[in-house]
Amino acid sequence: HICLEGREGGIPRVWVMSFDAATNENVESMKLLTFDEPAHDVELARNLDFDASHVAIAYDSLVTPPQSLLVSLTDLEDRTVLKEKNIVGYDKELYGCDRLTVTSRDGKTEIPISLVYRKAAMEKAVGGTPVPLHLYGYGSYCASMETSFRSTRLPLLDRGMIYVIAHVRGGGEMGRWWYEEPNGAKYLCKKNTFNDFVDVGRWLVNEKKLTSSELMSCEGRSAGGMLIGSSINQDPGLFKVA
């Protein structure tokens, strides 16, 4: 077998390639490790045994704390949790996550977004009552904002806030073209980063109707600070707090 890392749909993936047992040369199958949670992060762990029947991977998601898993190479559904980070008082069943896309103003670019929330808060928002929402973005240097678990988000979620990551152009989630000219967000097309972020914010308020401008905050750090500055100048009334 050969294990490969890559990206598909903006999300890190792991594939297992199997070869013909007789010759060990012809590829017999190439299978993707799948997970129930739509917004997750996965990578190969340290595997030192060349002739192995299992592979170790690292996995977490917006609602699952970091885990070390042992996966059978012959049955990818045969998985053993070797270790999981303990978050005191955390009940995973209270939370949910989603992966959606928002069409940008150019009418063709699909911007991935990842959402994490307490299920009760999302039920309230879907029921027609806007709830507080925090929109985070970066979009620079071809850096990918992974959908990893962060215990520091829990105080926001536990207060009824939905947390959204906008994987805007300028990052690397969708590949190098998501960053480079002419359709990414480098140099003369940097404005796409800002436009994508504003488009996501407007979609959350006007179309998805999860929140309102009075209840939505935004955040971007380091190079993301330029994103926030430009976004609030482009649409000053979209966010209550930055």
# chains A, B, ... in the order shown; residues from 1 in each chain; ligands from 1

call {"tool": "select_by_dssp", "arguments": {"residues": "region 13-167 of chain A", "states": "strand (DSSP E)", "output": "PyMOL selection string"}}
result
chain A and resi 13-19+27-32+40-44+54-61+67-72+79-84+95-103+110-118+133-137+162-166

call {"tool": "write_last_selection", "arguments": {"atoms": "C-alpha atoms", "output": "mmCIF file, in the first residue's frame"}}
result
data_model
loop_
_atom_site.group_PDB
_atom_site.id
_atom_site.type_symbol
_atom_site.label_atom_id
_atom_site.label_comp_id
_atom_site.auth_asym_id
_atom_site.auth_seq_id
_atom_site.Cartn_x
_atom_site.Cartn_y
_atom_site.Cartn_z
ATOM 1 C CA ARG A 13 -7.574 14.251 2.726
ATOM 2 C CA VAL A 14 -5.773 10.919 3.046
ATOM 3 C CA TRP A 15 -5.966 8.206 0.382
ATOM 4 C CA VAL A 16 -4.782 4.594 0.497
ATOM 5 C CA MET A 17 -3.490 3.142 -2.770
ATOM 6 C CA SER A 18 -3.456 -0.653 -3.091
ATOM 7 C CA PHE A 19 -1.484 -2.670 -5.623
ATOM 8 C CA VAL A 27 -2.710 -0.095 -8.969
ATOM 9 C CA GLU A 28 -5.753 -2.076 -7.879
ATOM 10 C CA SER A 29 -7.621 0.640 -5.988
ATOM 11 C CA MET A 30 -7.282 4.091 -4.516
ATOM 12 C CA LYS A 31 -9.631 4.760 -1.609
ATOM 13 C CA LEU A 32 -10.336 7.915 0.331
ATOM 14 C CA HIS A 40 -12.436 18.341 9.570
ATOM 15 C CA ASP A 41 -8.641 18.181 9.465
ATOM 16 C CA VAL A 42 -6.664 14.975 8.880
ATOM 17 C CA GLU A 43 -3.051 14.075 8.166
ATOM 18 C CA LEU A 44 -0.701 11.120 8.291
ATOM 19 C CA HIS A 54 -2.209 -0.339 9.736
ATOM 20 C CA VAL A 55 -1.462 3.359 9.364
ATOM 21 C CA ALA A 56 -1.556 6.010 12.089
ATOM 22 C CA ILE A 57 -3.308 9.292 11.329
ATOM 23 C CA ALA A 58 -4.056 12.505 13.220
ATOM 24 C CA TYR A 59 -7.648 13.713 13.091
ATOM 25 C CA ASP A 60 -9.733 16.508 14.538
ATOM 26 C CA SER A 61 -12.649 18.661 13.468
ATOM 27 C CA GLN A 67 -7.214 12.215 18.063
ATOM 28 C CA SER A 68 -4.602 9.684 17.055
ATOM 29 C CA LEU A 69 -6.234 6.894 15.046
ATOM 30 C CA LEU A 70 -4.964 3.530 13.831
ATOM 31 C CA VAL A 71 -6.565 2.579 10.503
ATOM 32 C CA SER A 72 -6.450 -0.845 8.868
ATOM 33 C CA ARG A 79 -10.292 2.283 13.159
ATOM 34 C CA THR A 80 -8.986 2.395 16.700
ATOM 35 C CA VAL A 81 -8.666 5.585 18.726
ATOM 36 C CA LEU A 82 -5.207 5.459 20.272
ATOM 37 C CA LYS A 83 -5.422 8.764 22.078
ATOM 38 C CA GLU A 84 -7.780 11.728 22.297
ATOM 39 C CA TYR A 95 -22.366 20.904 19.058
ATOM 40 C CA GLY A 96 -22.519 20.631 15.289
ATOM 41 C CA CYS A 97 -20.536 21.740 12.263
ATOM 42 C CA ASP A 98 -21.214 22.308 8.565
ATOM 43 C CA ARG A 99 -19.317 22.979 5.357
ATOM 44 C CA LEU A 100 -21.109 25.200 2.827
ATOM 45 C CA THR A 101 -20.219 27.367 -0.159
ATOM 46 C CA VAL A 102 -21.199 30.935 -0.999
ATOM 47 C CA THR A 103 -21.277 32.236 -4.570
ATOM 48 C CA GLU A 110 -17.724 29.245 -4.843
ATOM 49 C CA ILE A 111 -16.277 30.367 -1.502
ATOM 50 C CA PRO A 112 -16.070 27.578 1.095
ATOM 51 C CA ILE A 113 -17.196 28.391 4.618
ATOM 52 C CA SER A 114 -17.058 26.265 7.770
ATOM 53 C CA LEU A 115 -19.533 26.694 10.617
ATOM 54 C CA VAL A 116 -19.472 25.458 14.204
ATOM 55 C CA TYR A 117 -22.234 26.041 16.734
ATOM 56 C CA ARG A 118 -24.276 24.683 19.578
ATOM 57 C CA LEU A 133 -22.433 35.267 14.660
ATOM 58 C CA HIS A 134 -18.660 35.712 14.496
ATOM 59 C CA LEU A 135 -17.018 35.670 11.052
ATOM 60 C CA TYR A 136 -13.301 34.903 10.838
ATOM 61 C CA GLY A 137 -11.038 35.229 7.805
ATOM 62 C CA ILE A 162 -22.315 30.717 15.616
ATOM 63 C CA TYR A 163 -18.657 30.758 14.559
ATOM 64 C CA VAL A 164 -17.902 30.875 10.823
ATOM 65 C CA ILE A 165 -14.576 30.571 8.999
ATOM 66 C CA ALA A 166 -14.589 32.137 5.520
#

call {"tool": "select_by_dssp", "arguments": {"residues": "region 15-239 of chain A", "states": "helix (DSSP H, G or I)", "output": "ChimeraX atom specification"}}
result
/A:92-94,119-126,151-157,176-178,187-189,191-207,213-215,223-234

call {"tool": "closest_residue", "arguments": {"among": "A:Ala52, A:Ala242, A:Val131, A:Leu188", "to": "Thr74 (chain A)", "atoms": "only C-alpha atoms"}}
result
A:Ala52

call {"tool": "closest_residue", "arguments": {"among": "A:Asp91, A:Ala21, A:Val200, A:Leu210", "to": "Gly127 (chain A)", "atoms": "only C-alpha atoms"}}
result
A:Leu210

call {"tool": "atom_distance", "arguments": {"atom1": "CA of Lys186 (chain A)", "atom2": "CA of Arg169 (chain A)"}}
result
8.8 Å

call {"tool": "residues_around", "arguments": {"residues": "Arg7 (chain A)", "least_positions_apart": "5", "cutoff": "8 Å", "atoms": "only C-alpha atoms", "output": "PyMOL selection string"}}
result
chain A and resi 12-13+173-175

call {"tool": "residues_around", "arguments": {"residues": "Ser230 (chain A)", "least_positions_apart": "3", "cutoff": "12 Å", "atoms": "only C-alpha atoms", "output": "ChimeraX atom specification"}}
result
/A:190-198,218,220,223-227,233-236,242

call {"tool": "write_last_selection", "arguments": {"atoms": "C-alpha atoms", "output": "PDB file, in the first residue's frame"}}
result
ATOM      1  CA  LYS A 190      -5.956  41.154  -3.915  1.00  0.00           C
ATOM      2  CA  LYS A 191      -9.375  42.795  -3.847  1.00  0.00           C
ATOM      3  CA  ASN A 192     -10.904  39.326  -4.321  1.00  0.00           C
ATOM      4  CA  THR A 193      -9.972  38.534  -0.692  1.00  0.00           C
ATOM      5  CA  PHE A 194     -11.964  41.500   0.555  1.00  0.00           C
ATOM      6  CA  ASN A 195     -14.872  41.000  -1.825  1.00  0.00           C
ATOM      7  CA  ASP A 196     -15.194  37.322  -0.854  1.00  0.00           C
ATOM      8  CA  PHE A 197     -15.331  38.168   2.854  1.00  0.00           C
ATOM      9  CA  VAL A 198     -17.991  40.848   2.367  1.00  0.00           C
ATOM     10  CA  CYS A 218     -15.726  39.931  12.335  1.00  0.00           C
ATOM     11  CA  GLY A 220      -8.828  38.784  11.104  1.00  0.00           C
ATOM     12  CA  ALA A 223      -2.449  39.937   7.373  1.00  0.00           C
ATOM     13  CA  GLY A 224      -6.107  39.330   8.189  1.00  0.00           C
ATOM     14  CA  GLY A 225      -6.187  42.791   9.708  1.00  0.00           C
ATOM     15  CA  MET A 226      -5.955  44.255   6.210  1.00  0.00           C
ATOM     16  CA  LEU A 227      -8.919  42.048   5.274  1.00  0.00           C
ATOM     17  CA  ASN A 233     -14.688  50.279   4.653  1.00  0.00           C
ATOM     18  CA  GLN A 234     -16.388  48.538   1.733  1.00  0.00           C
ATOM     19  CA  ASP A 235     -19.581  47.908   3.717  1.00  0.00           C
ATOM     20  CA  PRO A 236     -19.521  49.905   6.988  1.00  0.00           C
ATOM     21  CA  ALA A 242     -14.627  44.310  14.308  1.00  0.00           C
TER      22      ALA A 242
END
